[in-house]
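Please read the structure below before turning to the comments.
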Amino acid sequence: MRKKNLTISLLFFFVFTVTILKAQRATVTAGGQALGGSGTISYSIGQLAYSTNIGSSGLITQGVQQPHELFTVGIKELDETLLICQVYPNPTSSLLNIKVENYNYENLIIHLYDVRGKLILTEKVTGSETIISLEHLSDASYYLTVLEFNKELKSFQIIKN
């Protein structure tokens with residue numbers, strides 16, 4: 001009987017301790033390492049944040065790596081396209097600014113897709129700076145494309161957290 005109670009106690013102890021353990025686990029889509037004159041940094045794309053600490057000197061997300069880069073994806077750059085387009089802040093929590101320079105914005109349309117390719121939002125560019133609210137969307141990665149007459153001019157990966 002005593003051996004049975006000891007076995008049950010040990011089993012309960014191991015099951016209980018396993019349920020309270022927290023470990024870093026994420027499925028990533030890509031990653032790498034960036035080298036520079038000031039040092040190196042490793043990054044991964046597709047992970048969700050574990051915890052964020054905010055202080056007077058800045059912000060740090062612990063537990064996983066997150067990219068903080070702006071780049072064009074999925075299309076070949078066209079030499080004759082003079083469109084200068086900036087999307088910021090990225091990552092964002094609620095609002096996204098799209099700034100268009102050196103281009104006639106009257107025929108530009110913005111499409112926002114989720115990672116599965118589903119069209120979530122279509123909006124016309126109304127000025128040199130357009131603000132889009134992402135408050136209704138869940139925290140994830142999204143793809144924003146800028147089109148003119150159904151021709152894709154620029155594409156960006158947006159991270160909402």
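The chains in the structure tokens are called A, B, ... from first to last as shown; in each chain the residues are counted from 1, and the ligands are counted from 1 in the order shown.
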
Near range 94-111 of chain A, within 10 Å and counting only C-alpha atoms, which residues show up once chain neighbours fewer than 6 positions away are dropped, as a short mmCIF file (atom, residue, chain, number, x, y, z; two decimals) with N, CA, C and O atoms, in the first residue's frame?
data_model
loop_
_atom_site.label_atom_id
_atom_site.label_comp_id
_atom_site.auth_asym_id
_atom_site.auth_seq_id
_atom_site.Cartn_x
_atom_site.Cartn_y
_atom_site.Cartn_z
N THR A 81 9.46 52.46 -62.48
CA THR A 81 8.57 52.84 -61.40
C THR A 81 9.31 53.78 -60.46
O THR A 81 10.30 53.41 -59.86
N LEU A 82 8.81 54.98 -60.32
CA LEU A 82 9.44 55.98 -59.47
C LEU A 82 8.78 56.06 -58.10
O LEU A 82 9.05 56.98 -57.34
N LEU A 83 7.92 55.09 -57.80
CA LEU A 83 7.17 55.09 -56.55
C LEU A 83 8.12 54.89 -55.37
O LEU A 83 8.89 53.93 -55.33
N ILE A 84 8.07 55.81 -54.43
CA ILE A 84 8.76 55.65 -53.16
C ILE A 84 7.66 55.47 -52.12
O ILE A 84 6.84 56.37 -51.92
N CYS A 85 7.62 54.32 -51.51
CA CYS A 85 6.54 54.00 -50.58
C CYS A 85 7.15 53.53 -49.26
O CYS A 85 8.02 52.67 -49.25
N GLN A 86 6.69 54.13 -48.16
CA GLN A 86 7.16 53.75 -46.83
C GLN A 86 5.96 53.29 -46.01
O GLN A 86 4.90 53.91 -46.05
N VAL A 87 6.15 52.21 -45.26
CA VAL A 87 5.11 51.70 -44.37
C VAL A 87 5.71 51.68 -42.97
O VAL A 87 6.75 51.05 -42.74
N TYR A 88 5.07 52.35 -42.04
CA TYR A 88 5.59 52.43 -40.68
C TYR A 88 4.46 52.66 -39.70
O TYR A 88 3.39 53.11 -40.11
N LEU A 119 -7.66 37.92 -48.88
CA LEU A 119 -7.76 39.38 -48.91
C LEU A 119 -8.60 39.85 -47.73
O LEU A 119 -9.75 39.46 -47.57
N ILE A 120 -8.01 40.69 -46.88
CA ILE A 120 -8.68 41.15 -45.67
C ILE A 120 -9.20 42.58 -45.84
O ILE A 120 -10.27 42.92 -45.36
N LEU A 121 -8.45 43.41 -46.54
CA LEU A 121 -8.77 44.83 -46.62
C LEU A 121 -8.37 45.38 -47.97
O LEU A 121 -7.30 45.05 -48.49
N THR A 122 -9.23 46.19 -48.55
CA THR A 122 -8.92 46.95 -49.76
C THR A 122 -9.23 48.40 -49.47
O THR A 122 -10.32 48.72 -49.00
N GLU A 123 -8.27 49.26 -49.73
CA GLU A 123 -8.47 50.68 -49.45
C GLU A 123 -7.77 51.52 -50.50
O GLU A 123 -6.66 51.21 -50.93
N LYS A 124 -8.41 52.59 -50.91
CA LYS A 124 -7.84 53.52 -51.88
C LYS A 124 -6.90 54.48 -51.17
O LYS A 124 -7.19 54.94 -50.07
N VAL A 125 -5.77 54.77 -51.79
CA VAL A 125 -4.83 55.75 -51.25
C VAL A 125 -5.44 57.12 -51.49
O VAL A 125 -5.75 57.50 -52.62
N THR A 126 -5.61 57.88 -50.40
CA THR A 126 -6.33 59.15 -50.48
C THR A 126 -5.42 60.36 -50.46
O THR A 126 -5.89 61.48 -50.63
N GLY A 127 -4.16 60.17 -50.23
CA GLY A 127 -3.22 61.30 -50.16
C GLY A 127 -1.80 60.78 -50.10
O GLY A 127 -1.54 59.59 -50.21
N SER A 128 -0.87 61.69 -49.91
CA SER A 128 0.53 61.28 -49.83
C SER A 128 0.80 60.45 -48.58
O SER A 128 1.76 59.71 -48.52
N GLU A 129 -0.09 60.57 -47.59
CA GLU A 129 0.02 59.73 -46.39
C GLU A 129 -1.37 59.19 -46.04
O GLU A 129 -2.31 59.95 -45.84
N THR A 130 -1.48 57.88 -45.98
CA THR A 130 -2.74 57.21 -45.68
C THR A 130 -2.55 56.40 -44.40
O THR A 130 -1.54 55.72 -44.24
N ILE A 131 -3.53 56.47 -43.51
CA ILE A 131 -3.47 55.74 -42.25
C ILE A 131 -4.53 54.65 -42.27
O ILE A 131 -5.69 54.92 -42.58
N ILE A 132 -4.11 53.43 -41.94
CA ILE A 132 -5.01 52.29 -41.90
C ILE A 132 -5.07 51.77 -40.47
O ILE A 132 -4.03 51.59 -39.82
N SER A 133 -6.27 51.51 -39.98
CA SER A 133 -6.44 50.95 -38.64
C SER A 133 -6.39 49.43 -38.72
O SER A 133 -7.10 48.81 -39.52
N LEU A 134 -5.54 48.82 -37.90
CA LEU A 134 -5.43 47.37 -37.82
C LEU A 134 -5.94 46.86 -36.48
O LEU A 134 -5.69 45.72 -36.11
N GLU A 135 -6.66 47.70 -35.74
CA GLU A 135 -7.11 47.34 -34.39
C GLU A 135 -8.03 46.12 -34.40
O GLU A 135 -8.03 45.33 -33.46
N HIS A 136 -8.81 45.94 -35.45
CA HIS A 136 -9.77 44.83 -35.52
C HIS A 136 -9.12 43.51 -35.91
O HIS A 136 -9.76 42.47 -35.88
N LEU A 137 -7.82 43.52 -36.25
CA LEU A 137 -7.13 42.31 -36.68
C LEU A 137 -6.38 41.68 -35.51
O LEU A 137 -5.93 42.36 -34.60
N ASP A 139 -3.19 39.57 -33.72
CA ASP A 139 -1.74 39.68 -33.81
C ASP A 139 -1.21 38.58 -34.72
O ASP A 139 -1.38 37.39 -34.44
N TYR A 143 0.47 40.74 -45.29
CA TYR A 143 1.16 41.23 -46.48
C TYR A 143 0.36 42.37 -47.08
O TYR A 143 -0.81 42.23 -47.37
N LEU A 144 1.03 43.50 -47.26
CA LEU A 144 0.40 44.69 -47.82
C LEU A 144 0.96 44.91 -49.21
O LEU A 144 2.19 44.88 -49.40
N THR A 145 0.09 45.09 -50.20
CA THR A 145 0.53 45.37 -51.55
C THR A 145 -0.04 46.70 -52.00
O THR A 145 -1.16 47.06 -51.64
N VAL A 146 0.74 47.43 -52.79
CA VAL A 146 0.31 48.69 -53.38
C VAL A 146 0.15 48.43 -54.87
O VAL A 146 1.09 48.00 -55.54
N LEU A 147 -1.06 48.68 -55.39
CA LEU A 147 -1.37 48.39 -56.78
C LEU A 147 -1.80 49.65 -57.52
O LEU A 147 -2.37 50.56 -56.94
N GLU A 148 -1.55 49.63 -58.82
CA GLU A 148 -2.05 50.65 -59.71
C GLU A 148 -2.60 49.96 -60.94
O GLU A 148 -1.87 49.24 -61.63
N PHE A 149 -3.90 50.12 -61.20
CA PHE A 149 -4.59 49.45 -62.31
C PHE A 149 -4.36 47.93 -62.26
O PHE A 149 -4.01 47.30 -63.24
N ASN A 150 -4.52 47.34 -61.07
CA ASN A 150 -4.34 45.90 -60.81
C ASN A 150 -2.93 45.40 -61.08
O ASN A 150 -2.71 44.20 -61.25
N LYS A 151 -1.96 46.28 -61.15
CA LYS A 151 -0.56 45.91 -61.31
C LYS A 151 0.16 46.18 -59.99
O LYS A 151 0.14 47.30 -59.49
N GLU A 152 0.77 45.16 -59.43
CA GLU A 152 1.44 45.29 -58.14
C GLU A 152 2.73 46.07 -58.29
O GLU A 152 3.60 45.71 -59.07
N LEU A 153 2.84 47.17 -57.53
CA LEU A 153 4.02 48.01 -57.58
C LEU A 153 4.98 47.74 -56.42
O LEU A 153 6.19 47.71 -56.61
N LYS A 154 4.44 47.59 -55.22
CA LYS A 154 5.25 47.34 -54.02
C LYS A 154 4.53 46.35 -53.14
O LYS A 154 3.30 46.26 -53.15
N SER A 155 5.30 45.66 -52.32
CA SER A 155 4.73 44.70 -51.38
C SER A 155 5.55 44.73 -50.10
O SER A 155 6.77 44.86 -50.14
N ILE A 158 3.89 42.98 -42.98
CA ILE A 158 3.51 43.77 -41.82
C ILE A 158 3.37 42.83 -40.64
O ILE A 158 2.75 41.77 -40.76
N LYS A 160 1.81 42.64 -36.89
CA LYS A 160 0.94 43.27 -35.88
C LYS A 160 1.13 42.52 -34.58
O LYS A 160 1.00 41.31 -34.52
N ASN A 161 1.44 43.28 -33.52
CA ASN A 161 1.57 42.64 -32.20
C ASN A 161 0.89 43.45 -31.14
O ASN A 161 0.48 44.54 -31.31
#

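Pairwise distance (CA of Ile54 in chain A, CA of Thr92 in chain A) equals 15.2 Å.
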
Checklist entry - Hey, can you check how far CA of Leu35 in chain A sits from CA of Asn53 in chain A? => result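 Computed distance, CA of Leu35 in chain A to CA of Asn53 in chain A, equals 26.0 Å.
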
Checklist outcome for this item: Here CA of Val115 in chain A and CA of Gly58 in chain A stand apart by 29.4 Å
